[in-house]
Number of protein chains: 4
Amino acid sequence: MDKKNVAVVGAKGWAARELIAILIRHPGVNLALLADKLDKPETVTENFPEFRGLANLPIEPADVEKINAAADIIFLALPHKVAQSYAAPFFHKGKIVLDLSADFRFEDISLYEKTYGITHQEKELNSQAVYGLPELYREKIRQARLVGCPGCYPTSIILACAPLMKTHLVRLDSIIADSKSGVSGAGRAPTPITHYVSCNESIRAYSVATHRHTPEVEEKLSRLAGEKVIVQFTPHLTPMDRGILSTVYIDMTKDAEEKEIHDLYDAFYKTEPFVRILPEGELPATKTVAFTNFCDIGMKLDKRTRRLIVVSAIDNLIKGASGQAVQCMNIIIGVDERSGLIS
Amino acid sequence: MDKKNVAVVGAKGWAARELIAILIRHPGVNLALLADKLDKPETVTENFPEFRGLANLPIEPADVEKINAAADIIFLALPHKVAQSYAAPFFHKGKIVLDLSADFRFEDISLYEKTYGITHQEKELNSQAVYGLPELYREKIRQARLVGCPGCYPTSIILACAPLMKTHLVRLDSIIADSKSGVSGAGRAPTPITHYVSCNESIRAYSVATHRHTPEVEEKLSRLAGEKVIVQFTPHLTPMDRGILSTVYIDMTKDAEEKEIHDLYDAFYKTEPFVRILPEGELPATKTVAFTNFCDIGMKLDKRTRRLIVVSAIDNLIKGASGQAVQCMNIIIGVDERSGLIS
Amino acid sequence: MDKKNVAVVGAKGWAARELIAILIRHPGVNLALLADKLDKPETVTENFPEFRGLANLPIEPADVEKINAAADIIFLALPHKVAQSYAAPFFHKGKIVLDLSADFRFEDISLYEKTYGITHQEKELNSQAVYGLPELYREKIRQARLVGCPGCYPTSIILACAPLMKTHLVRLDSIIADSKSGVSGAGRAPTPITHYVSCNESIRAYSVATHRHTPEVEEKLSRLAGEKVIVQFTPHLTPMDRGILSTVYIDMTKDAEEKEIHDLYDAFYKTEPFVRILPEGELPATKTVAFTNFCDIGMKLDKRTRRLIVVSAIDNLIKGASGQAVQCMNIIIGVDERSGLIS
Amino acid sequence: MDKKNVAVVGAKGWAARELIAILIRHPGVNLALLADKLDKPETVTENFPEFRGLANLPIEPADVEKINAAADIIFLALPHKVAQSYAAPFFHKGKIVLDLSADFRFEDISLYEKTYGITHQEKELNSQAVYGLPELYREKIRQARLVGCPGCYPTSIILACAPLMKTHLVRLDSIIADSKSGVSGAGRAPTPITHYVSCNESIRAYSVATHRHTPEVEEKLSRLAGEKVIVQFTPHLTPMDRGILSTVYIDMTKDAEEKEIHDLYDAFYKTEPFVRILPEGELPATKTVAFTNFCDIGMKLDKRTRRLIVVSAIDNLIKGASGQAVQCMNIIIGVDERSGLIS
């Protein structure tokens, strides 16, 4: 089979770094072009010295025509708002566009606009986008040409909650997701917050009750449940490079046995290549999934409080961003869903 | 004023390390003796090289008579069950005993026995013990000669919840405490779990729904509320040396303004030397309280979910253990409560 | 081409972990058997939960006959002394044996015996072993059936020095190698030294002037130089999981230009797939080579002191252990030397 | 005794943070004023939330007259070049000035100018400055009113070498100092280099053969030796908050016994309150001196290579900056040299 040509636009951030790492190893694609908002070209290695000898492409000033000429598939690793302006010219040329920003994640465009405080410039395009979470949207992704890839926190929370949404076993307004993220989640820009001496030996909560990923999670879980789901989401910054651990609390509507819940998760994710339900009694750790596309999930039913605690772990840069985008791409182009991600 | 002579029994662990660090700087006491379960004496510096030139006492094999002869005040930094056997002979000689283990933390001895799976050998003694949390028990501590110092997690959770307990503003069965601890909380013994390569770059939950600190927290909060309080407690292991951040979720019973809650906390802790209520909109970080006896508390009222999120931060080894024990001692011996802890 | 069957004996340590990670992805081999000194089988996942769904072999009690029946190629990830007793029965059955211990690294068996303080039980076998550093011994490795894979520190130091050995540009008795290692180099056993709280936020030197890797480095460099090379080696323990940075100081015998030295390194490693000579003016970092089989090398000539400073970086578990062993295997079985290590 | 009033100019960096921490606990001084180059005042707590309730001074726009009016003693924690312009107006008003920058560290002003690439604007003032290393310059410091406090690396290297300089036991042109620093040494400004994800899990060398601290070290050691000393200095960035470990290599001129060298160090630092010579066979770790003003020194004589390896450890922010400045102040104002630094 001919290899597809792929481009990464927004090639200087950490999600891009992971994309490059995956794509240069991917047997079904050819990494044809890297671009970013630049005045003049830079080398990959001056941005990511780890790719010396592995990826010798330049990172070019983003030129839509040139990208359209070079690539069949385009990954956008750009900030929200910027991403939407790039998506259209690629999409309209028939390209497959995988957007890692928030711009095409929402079905309800007014919710997007309220959450991000801007007017969406590509509403028509948005209506053609599919949410890039294969475990829930695989068949739609297969048909899609524009994928709005989920945020890192939403991936960890939605996968932790999804099997319960239609069961009537839990109170859909009771979900609390307490998430802990590594520092790469804060982006590559040097800020007082990402300074080593600020992060190291410290843990803190931020954006309590106001984080933008909350509406994203609620929209997807509500759609799945068929009724309004309310999520209390609290992100924390943790002294590690990568990883998200989400500890999710959900009130039960009735008594149940842990095994029953565990079986339900097992069944729900039975055929998923990247979700691992841990054996009963085991709980995940971020290190176990670091540098992988896996989401590990464990759970504990507390009969005393009649509350279920589900814990999920992902690598925020892979299953929470780039790996998941590649998984979506694999589905669209019809190769083994694990290509470039396992092997 | 004459300096009191103090001894530390169980001088080789990390709580003991902090006790020594505080006591050698404390203007009101003389660190007279260090002891542990040993066959022969060891030096402080072979156990804690940082004390070279600062504390040149031996760590002696624990000999009750010798300790009674040497000290007026005895800190027990021993495992639970072991601690209770040491407390009696000191107490009965009229000494002041500050126990850092779980052995004298419970009013309800049967709850202790159920939680720790052992029979308490000193039930009479336990009835004379006071819970060593000055913010709630200061007057009782002042009269006490046996103090059961709180666990590290309970300190962070109880202080985060206490101002609400009598207000009828919150649902007392809805408390969820999601706590994140540094590795020193796991003790000094080398285990697969405390190995650097296991902890580093990883976060995990443990003892979900079963941690022994849950009944301790519930007993104290219930006593304060005057009715049964139920707490869902989830501890996490985090890659840092020290610190606990507790993110506490509590359902409101009615609408309120954040300022109202904030004022309530301000008023509750107004005169406390070691509780700092952060300005509205600010949240604590463990690094800010590291190596101090402070408990920093911030909060956010989420009107949308009608839930209050309170975040507290302490140093698990100081306000969560040794510093708090010294604070109790200061109250008992009548010196400035901050002696040895500030300045 | 038929896939070769490989076994790993000593499958519970960290070098084994990396071997498993590489071998399950290696296109030319089949990971047929895992064994260790055990009473009864264990699962891979109870030892390494990250391999859930990726490697479902048991780790079996090491049984020589069974291993011989199952595998063509055997990796020994055992302690020195233990390894030599296992190597013989595999070698004599015609297997390819890649030993990661020190047992077959020395040409001078008396130097081995002096260094490790034991009598070598397989002297005849040792004479058939080749030192598994492809950059210097590739042709011998190609013919070998027993490979003594280099230690992690020696790999980083020898590669940093090798291009100079025959040039007469440097004083061969002046080499100082100041190396900094991540904690995984200290092994998986929990000890006071590997406790998180001991390692974190600390750096220390150890085994100064006495580390066992010194004679290994000196033997190999001396052989290369054709005269006696003396190395002052100082290892340090650094708070990170993996990586070795060696800063090597060498006195020049005459004036030179940095470019001349740099060209010399470029030429020496020109065709090497896993050595990257950085551009002039750049120096390596361990993070850049983490999780790879690369050795990155940079240098600076200080004309003022007439001293050359060469800095090399490797991943101690990969180029310093398992990756290098697989690289040797690739050479022996005649597949692309990068198989399983890139792509 | 009346407390002296002290001011800190340049109050927003990490050295200032440590100064504040020490000065608010110091029994002999009153922290009267904090200033920095600002347009309008800021609070201490918005810069350093850890000082909530401990230091409630504003950080004011630096106003020379106001500072002169408020303080007897002024600490300058400013960048080099900026510091010299502030020193003069304080000095000429008779104040005691402790400068933490490089501006008054050099006796040879042309060496300063060459090293820092600028013209010194206060040459006359510089001639009145004393180098603030009490172990070597105590008597001069006692008479001084302007102290140029040593850099962090120089402190660790000079203290490691000083006892040898006049002994003729070592080759004075053979010194190699391989130093490893925590990230706080890189300053508080957020840069790509100080980003958590850049530093964490990585070690790297920088400024090899060109670091500005080299001439400072050489000037002081040469003065001590009475002849030219040449030092090869290589700094490394290490993933920890604070600490410098310097591993110093020195060729012996003749055979010696380790004990002889050890006794020499013991004797040299016998009465020093902040230098701890470790027992023979022990080596320092940065964690042991973290948050203290101690310099711990250990050594190993390698008879085989006839080389001495001396290892020193300091906290770069305390003995390497603020603690040392306070130690100098204590000497000048005639209080116990340990005031504010121990106890």
# chains A, B, ... in the order shown; residues from 1 in each chain; ligands from 1
>>> closest_atom_pairs(of="chain D", to="chain A", cutoff="6 Å", atoms="only C-alpha atoms", output="CSV")
residue,atom,partner,partner_atom,distance
D:Pro190,CA,A:Pro190,CA,5.1
D:Thr191,CA,A:Pro190,CA,5.2
D:Pro192,CA,A:Pro190,CA,5.6
D:Thr194,CA,A:His195,CA,5.6
D:His195,CA,A:His195,CA,4.7
D:Tyr196,CA,A:Tyr196,CA,3.9
D:Val197,CA,A:Asp241,CA,5.6
D:Asp241,CA,A:Val197,CA,5.6
>>> write_last_selection(atoms="all heavy atoms", output="PDB file, in the first residue's frame")
ATOM      1  N   PRO D 190      11.760  32.829  34.011  1.00  0.00           N
ATOM      2  CA  PRO D 190      11.350  31.645  33.240  1.00  0.00           C
ATOM      3  C   PRO D 190      12.014  31.677  31.867  1.00  0.00           C
ATOM      4  O   PRO D 190      11.890  32.656  31.137  1.00  0.00           O
ATOM      5  CB  PRO D 190       9.830  31.802  33.102  1.00  0.00           C
ATOM      6  CG  PRO D 190       9.453  33.016  33.879  1.00  0.00           C
ATOM      7  CD  PRO D 190      10.685  33.819  34.127  1.00  0.00           C
ATOM      8  N   THR D 191      12.716  30.627  31.526  1.00  0.00           N
ATOM      9  CA  THR D 191      13.376  30.513  30.225  1.00  0.00           C
ATOM     10  C   THR D 191      13.163  29.091  29.720  1.00  0.00           C
ATOM     11  O   THR D 191      12.766  28.211  30.479  1.00  0.00           O
ATOM     12  CB  THR D 191      14.891  30.747  30.339  1.00  0.00           C
ATOM     13  OG1 THR D 191      15.463  29.637  31.057  1.00  0.00           O
ATOM     14  CG2 THR D 191      15.217  32.032  31.081  1.00  0.00           C
ATOM     15  N   PRO D 192      13.444  28.865  28.449  1.00  0.00           N
ATOM     16  CA  PRO D 192      13.346  27.477  27.977  1.00  0.00           C
ATOM     17  C   PRO D 192      14.210  26.537  28.808  1.00  0.00           C
ATOM     18  O   PRO D 192      13.850  25.381  29.023  1.00  0.00           O
ATOM     19  CB  PRO D 192      13.856  27.578  26.536  1.00  0.00           C
ATOM     20  CG  PRO D 192      13.550  28.980  26.105  1.00  0.00           C
ATOM     21  CD  PRO D 192      13.743  29.813  27.348  1.00  0.00           C
ATOM     22  N   THR D 194      14.976  26.764  32.046  1.00  0.00           N
ATOM     23  CA  THR D 194      14.486  26.506  33.404  1.00  0.00           C
ATOM     24  C   THR D 194      13.070  25.924  33.419  1.00  0.00           C
ATOM     25  O   THR D 194      12.511  25.707  34.489  1.00  0.00           O
ATOM     26  CB  THR D 194      14.496  27.795  34.265  1.00  0.00           C
ATOM     27  OG1 THR D 194      13.670  28.772  33.630  1.00  0.00           O
ATOM     28  CG2 THR D 194      15.906  28.347  34.409  1.00  0.00           C
ATOM     29  N   HIS D 195      12.495  25.684  32.252  1.00  0.00           N
ATOM     30  CA  HIS D 195      11.176  25.033  32.188  1.00  0.00           C
ATOM     31  C   HIS D 195      11.277  23.651  32.840  1.00  0.00           C
ATOM     32  O   HIS D 195      12.234  22.914  32.612  1.00  0.00           O
ATOM     33  CB  HIS D 195      10.757  24.897  30.729  1.00  0.00           C
ATOM     34  CG  HIS D 195       9.296  24.552  30.553  1.00  0.00           C
ATOM     35  ND1 HIS D 195       8.738  23.380  31.023  1.00  0.00           N
ATOM     36  CD2 HIS D 195       8.274  25.218  29.963  1.00  0.00           C
ATOM     37  CE1 HIS D 195       7.448  23.349  30.713  1.00  0.00           C
ATOM     38  NE2 HIS D 195       7.143  24.455  30.086  1.00  0.00           N
ATOM     39  N   TYR D 196      10.273  23.320  33.619  1.00  0.00           N
ATOM     40  CA  TYR D 196      10.300  22.033  34.326  1.00  0.00           C
ATOM     41  C   TYR D 196      10.607  20.866  33.394  1.00  0.00           C
ATOM     42  O   TYR D 196      11.436  19.999  33.684  1.00  0.00           O
ATOM     43  CB  TYR D 196       8.947  21.783  35.010  1.00  0.00           C
ATOM     44  CG  TYR D 196       8.935  20.517  35.832  1.00  0.00           C
ATOM     45  CD1 TYR D 196       9.375  20.528  37.145  1.00  0.00           C
ATOM     46  CD2 TYR D 196       8.518  19.310  35.290  1.00  0.00           C
ATOM     47  CE1 TYR D 196       9.387  19.369  37.906  1.00  0.00           C
ATOM     48  CE2 TYR D 196       8.531  18.145  36.040  1.00  0.00           C
ATOM     49  CZ  TYR D 196       8.967  18.182  37.350  1.00  0.00           C
ATOM     50  OH  TYR D 196       8.987  17.028  38.095  1.00  0.00           O
ATOM     51  N   VAL D 197       9.951  20.850  32.248  1.00  0.00           N
ATOM     52  CA  VAL D 197      10.096  19.695  31.350  1.00  0.00           C
ATOM     53  C   VAL D 197      11.476  19.667  30.684  1.00  0.00           C
ATOM     54  O   VAL D 197      11.930  18.623  30.239  1.00  0.00           O
ATOM     55  CB  VAL D 197       8.954  19.678  30.318  1.00  0.00           C
ATOM     56  CG1 VAL D 197       9.076  18.507  29.367  1.00  0.00           C
ATOM     57  CG2 VAL D 197       7.605  19.606  31.034  1.00  0.00           C
ATOM     58  N   ASP D 241      16.078  21.396  43.163  1.00  0.00           N
ATOM     59  CA  ASP D 241      15.870  22.817  43.427  1.00  0.00           C
ATOM     60  C   ASP D 241      17.158  23.527  43.789  1.00  0.00           C
ATOM     61  O   ASP D 241      17.447  24.609  43.290  1.00  0.00           O
ATOM     62  CB  ASP D 241      14.900  23.008  44.615  1.00  0.00           C
ATOM     63  CG  ASP D 241      13.453  22.991  44.186  1.00  0.00           C
ATOM     64  OD1 ASP D 241      13.180  22.804  42.997  1.00  0.00           O
ATOM     65  OD2 ASP D 241      12.583  23.134  45.068  1.00  0.00           O
TER      66      ASP D 241
END
>>> select_by_dssp(residues="stretch 8-147 of chain B", states="strand (DSSP E or B)", output="list in words")
Val8, Val9, Val29, Asn30, Leu31, Ala32, Leu33, Leu34, Ala35, Asp36, Glu42, Thr43, Pro58, Ile59, Glu60, Pro61, Ile73, Ile74, Phe75, Leu76, Ile96, Val97, Leu98, Asp99, Val130, Tyr131, Leu146 and Val147 of chain B
>>> atom_distance(atom1="atom CA of A:Asn68", atom2="atom CA of A:Tyr131")
23.2 Å
>>> residues_around(residues="C:Ser207", least_positions_apart="2", cutoff="10 Å", atoms="only C-alpha atoms", output="NGL selection string")
(:C and (205 or 209-212 or 233-236)) or (:D and (281 or 283 or 300))
>>> write_last_selection(atoms="all heavy atoms", output="tab-separated table (two decimals), in the first residue's frame")
chain	number	residue	atom	x	y	z
C	205	ALA	N	28.59	11.70	45.21
C	205	ALA	CA	29.57	10.80	44.59
C	205	ALA	C	29.63	9.52	45.40
C	205	ALA	O	29.28	9.50	46.58
C	205	ALA	CB	30.94	11.47	44.56
C	209	ALA	N	37.35	6.32	43.31
C	209	ALA	CA	38.65	5.65	43.15
C	209	ALA	C	38.57	4.13	43.26
C	209	ALA	O	39.60	3.46	43.11
C	209	ALA	CB	39.68	6.19	44.14
C	210	THR	N	37.40	3.59	43.50
C	210	THR	CA	37.31	2.14	43.72
C	210	THR	C	36.23	1.45	42.90
C	210	THR	O	35.99	0.26	43.08
C	210	THR	CB	36.99	1.87	45.21
C	210	THR	OG1	35.72	2.46	45.51
C	210	THR	CG2	38.04	2.44	46.13
C	211	HIS	N	35.55	2.17	42.01
C	211	HIS	CA	34.41	1.54	41.33
C	211	HIS	C	34.88	0.45	40.36
C	211	HIS	O	35.85	0.62	39.64
C	211	HIS	CB	33.60	2.60	40.59
C	211	HIS	CG	32.24	2.11	40.17
C	211	HIS	ND1	32.04	1.31	39.08
C	211	HIS	CD2	31.02	2.29	40.73
C	211	HIS	CE1	30.74	1.04	38.96
C	211	HIS	NE2	30.10	1.63	39.97
C	212	ARG	N	34.15	-0.66	40.33
C	212	ARG	CA	34.53	-1.83	39.53
C	212	ARG	C	34.55	-1.59	38.03
C	212	ARG	O	35.08	-2.42	37.28
C	212	ARG	CB	33.55	-2.97	39.83
C	212	ARG	CG	33.77	-3.57	41.20
C	212	ARG	CD	32.55	-4.39	41.61
C	212	ARG	NE	32.87	-5.24	42.75
C	212	ARG	CZ	32.01	-6.08	43.31
C	212	ARG	NH1	30.77	-6.16	42.84
C	212	ARG	NH2	32.37	-6.83	44.33
C	233	PHE	N	37.96	7.45	37.60
C	233	PHE	CA	36.51	7.39	37.36
C	233	PHE	C	35.75	7.69	38.64
C	233	PHE	O	35.97	7.07	39.68
C	233	PHE	CB	36.14	6.00	36.82
C	233	PHE	CG	34.68	5.71	36.83
C	233	PHE	CD1	33.77	6.58	36.24
C	233	PHE	CD2	34.19	4.55	37.43
C	233	PHE	CE1	32.41	6.31	36.26
C	233	PHE	CE2	32.83	4.28	37.45
C	233	PHE	CZ	31.94	5.16	36.87
C	234	THR	N	34.82	8.65	38.57
C	234	THR	CA	34.00	8.99	39.73
C	234	THR	C	32.52	8.96	39.36
C	234	THR	O	32.04	9.82	38.61
C	234	THR	CB	34.33	10.40	40.26
C	234	THR	OG1	35.73	10.52	40.43
C	234	THR	CG2	33.62	10.67	41.57
C	235	PRO	N	31.79	7.97	39.85
C	235	PRO	CA	30.34	7.94	39.59
C	235	PRO	C	29.57	8.78	40.60
C	235	PRO	O	30.01	8.94	41.75
C	235	PRO	CB	30.00	6.46	39.75
C	235	PRO	CG	31.01	5.92	40.68
C	235	PRO	CD	32.25	6.78	40.57
C	236	HIS	N	28.47	9.32	40.16
C	236	HIS	CA	27.58	10.11	41.03
C	236	HIS	C	26.14	9.62	40.87
C	236	HIS	O	25.74	9.23	39.77
C	236	HIS	CB	27.61	11.60	40.66
C	236	HIS	CG	28.93	12.26	40.84
C	236	HIS	ND1	29.99	12.07	39.97
C	236	HIS	CD2	29.39	13.11	41.80
C	236	HIS	CE1	31.03	12.79	40.38
C	236	HIS	NE2	30.70	13.43	41.47
D	281	GLY	N	36.49	8.49	54.75
D	281	GLY	CA	35.67	7.48	54.09
D	281	GLY	C	34.26	7.95	53.77
D	281	GLY	O	33.54	7.30	53.04
D	283	LEU	N	31.54	10.84	52.22
D	283	LEU	CA	31.46	11.89	51.21
D	283	LEU	C	30.14	12.63	51.37
D	283	LEU	O	29.14	12.05	51.80
D	283	LEU	CB	31.57	11.29	49.81
D	283	LEU	CG	32.94	10.68	49.48
D	283	LEU	CD1	32.88	9.88	48.20
D	283	LEU	CD2	34.00	11.78	49.39
D	300	LYS	N	39.03	11.72	49.07
D	300	LYS	CA	39.57	10.38	48.82
D	300	LYS	C	40.90	10.58	48.10
D	300	LYS	O	40.96	11.28	47.08
D	300	LYS	CB	38.60	9.60	47.92
D	300	LYS	CG	39.07	8.23	47.51
D	300	LYS	CD	38.90	7.22	48.63
D	300	LYS	CE	39.55	5.91	48.26
D	300	LYS	NZ	39.50	4.96	49.38
>>> closest_residue(among="A:Arg204, A:Phe48, A:Pro89, A:Ser179", to="C:Lys287", atoms="only C-alpha atoms")
A:Phe48
>>> select_by_dssp(residues="stretch 45-272 of chain B", states="helix (DSSP H, G or I)", output="VMD selection string")
chain B and resid 45 to 47 49 to 51 64 to 70 82 to 91 109 to 116 123 to 126 134 to 143 152 to 164 183 to 186 196 to 199 213 to 225 258 to 268
>>> atom_distance(atom1="atom CA of B:Pro154", atom2="atom CA of B:Phe90")
26.3 Å
>>> residues_around(residues="A:Asn293", least_positions_apart="5", cutoff="6 Å", atoms="only C-alpha atoms", output="MDAnalysis selection string")
chainID A and resid 318:319 323
>>> atom_distance(atom1="atom CA of C:Val326", atom2="atom CA of C:Cys152")
14.4 Å
>>> decode(residues="stretch 261-280 of chain D", atoms="N, CA and C atoms", output="PDB file, in the first residue's frame")
ATOM      1  N   ILE D 261      46.195  14.087  54.655  1.00  0.00           N
ATOM      2  CA  ILE D 261      45.411  15.128  53.979  1.00  0.00           C
ATOM      3  C   ILE D 261      44.179  15.460  54.818  1.00  0.00           C
ATOM      4  N   HIS D 262      43.561  14.427  55.306  1.00  0.00           N
ATOM      5  CA  HIS D 262      42.359  14.617  56.098  1.00  0.00           C
ATOM      6  C   HIS D 262      42.666  15.463  57.339  1.00  0.00           C
ATOM      7  N   ASP D 263      43.760  15.157  57.988  1.00  0.00           N
ATOM      8  CA  ASP D 263      44.152  15.931  59.180  1.00  0.00           C
ATOM      9  C   ASP D 263      44.391  17.398  58.817  1.00  0.00           C
ATOM     10  N   LEU D 264      44.960  17.593  57.657  1.00  0.00           N
ATOM     11  CA  LEU D 264      45.244  18.944  57.187  1.00  0.00           C
ATOM     12  C   LEU D 264      43.946  19.740  57.014  1.00  0.00           C
ATOM     13  N   TYR D 265      42.941  19.098  56.446  1.00  0.00           N
ATOM     14  CA  TYR D 265      41.645  19.778  56.311  1.00  0.00           C
ATOM     15  C   TYR D 265      41.006  20.024  57.666  1.00  0.00           C
ATOM     16  N   ASP D 266      41.068  19.014  58.512  1.00  0.00           N
ATOM     17  CA  ASP D 266      40.523  19.167  59.872  1.00  0.00           C
ATOM     18  C   ASP D 266      41.144  20.365  60.575  1.00  0.00           C
ATOM     19  N   ALA D 267      42.444  20.462  60.456  1.00  0.00           N
ATOM     20  CA  ALA D 267      43.149  21.553  61.134  1.00  0.00           C
ATOM     21  C   ALA D 267      42.791  22.903  60.519  1.00  0.00           C
ATOM     22  N   PHE D 268      42.727  22.927  59.211  1.00  0.00           N
ATOM     23  CA  PHE D 268      42.476  24.194  58.517  1.00  0.00           C
ATOM     24  C   PHE D 268      41.115  24.770  58.905  1.00  0.00           C
ATOM     25  N   TYR D 269      40.137  23.914  59.033  1.00  0.00           N
ATOM     26  CA  TYR D 269      38.769  24.391  59.296  1.00  0.00           C
ATOM     27  C   TYR D 269      38.330  24.156  60.744  1.00  0.00           C
ATOM     28  N   LYS D 270      39.291  23.861  61.592  1.00  0.00           N
ATOM     29  CA  LYS D 270      39.008  23.462  62.976  1.00  0.00           C
ATOM     30  C   LYS D 270      37.990  24.358  63.667  1.00  0.00           C
ATOM     31  N   THR D 271      38.153  25.649  63.523  1.00  0.00           N
ATOM     32  CA  THR D 271      37.297  26.560  64.287  1.00  0.00           C
ATOM     33  C   THR D 271      36.164  27.152  63.452  1.00  0.00           C
ATOM     34  N   GLU D 272      36.018  26.660  62.247  1.00  0.00           N
ATOM     35  CA  GLU D 272      34.986  27.242  61.395  1.00  0.00           C
ATOM     36  C   GLU D 272      33.595  26.745  61.791  1.00  0.00           C
ATOM     37  N   PRO D 273      32.666  27.663  61.972  1.00  0.00           N
ATOM     38  CA  PRO D 273      31.321  27.206  62.388  1.00  0.00           C
ATOM     39  C   PRO D 273      30.517  26.566  61.254  1.00  0.00           C
ATOM     40  N   PHE D 274      30.909  26.797  60.001  1.00  0.00           N
ATOM     41  CA  PHE D 274      30.060  26.314  58.903  1.00  0.00           C
ATOM     42  C   PHE D 274      30.764  25.401  57.902  1.00  0.00           C
ATOM     43  N   VAL D 275      31.951  24.945  58.244  1.00  0.00           N
ATOM     44  CA  VAL D 275      32.597  23.935  57.395  1.00  0.00           C
ATOM     45  C   VAL D 275      32.672  22.646  58.198  1.00  0.00           C
ATOM     46  N   ARG D 276      32.160  21.584  57.620  1.00  0.00           N
ATOM     47  CA  ARG D 276      32.197  20.299  58.315  1.00  0.00           C
ATOM     48  C   ARG D 276      33.051  19.324  57.503  1.00  0.00           C
ATOM     49  N   ILE D 277      34.191  18.960  58.038  1.00  0.00           N
ATOM     50  CA  ILE D 277      35.005  17.932  57.387  1.00  0.00           C
ATOM     51  C   ILE D 277      34.456  16.579  57.821  1.00  0.00           C
ATOM     52  N   LEU D 278      33.998  15.808  56.849  1.00  0.00           N
ATOM     53  CA  LEU D 278      33.372  14.527  57.183  1.00  0.00           C
ATOM     54  C   LEU D 278      34.442  13.536  57.632  1.00  0.00           C
ATOM     55  N   PRO D 279      34.042  12.544  58.405  1.00  0.00           N
ATOM     56  CA  PRO D 279      34.994  11.511  58.815  1.00  0.00           C
ATOM     57  C   PRO D 279      35.612  10.830  57.588  1.00  0.00           C
ATOM     58  N   GLU D 280      36.808  10.322  57.736  1.00  0.00           N
ATOM     59  CA  GLU D 280      37.459   9.613  56.634  1.00  0.00           C
ATOM     60  C   GLU D 280      36.540   8.544  56.051  1.00  0.00           C
TER      61      GLU D 280
END
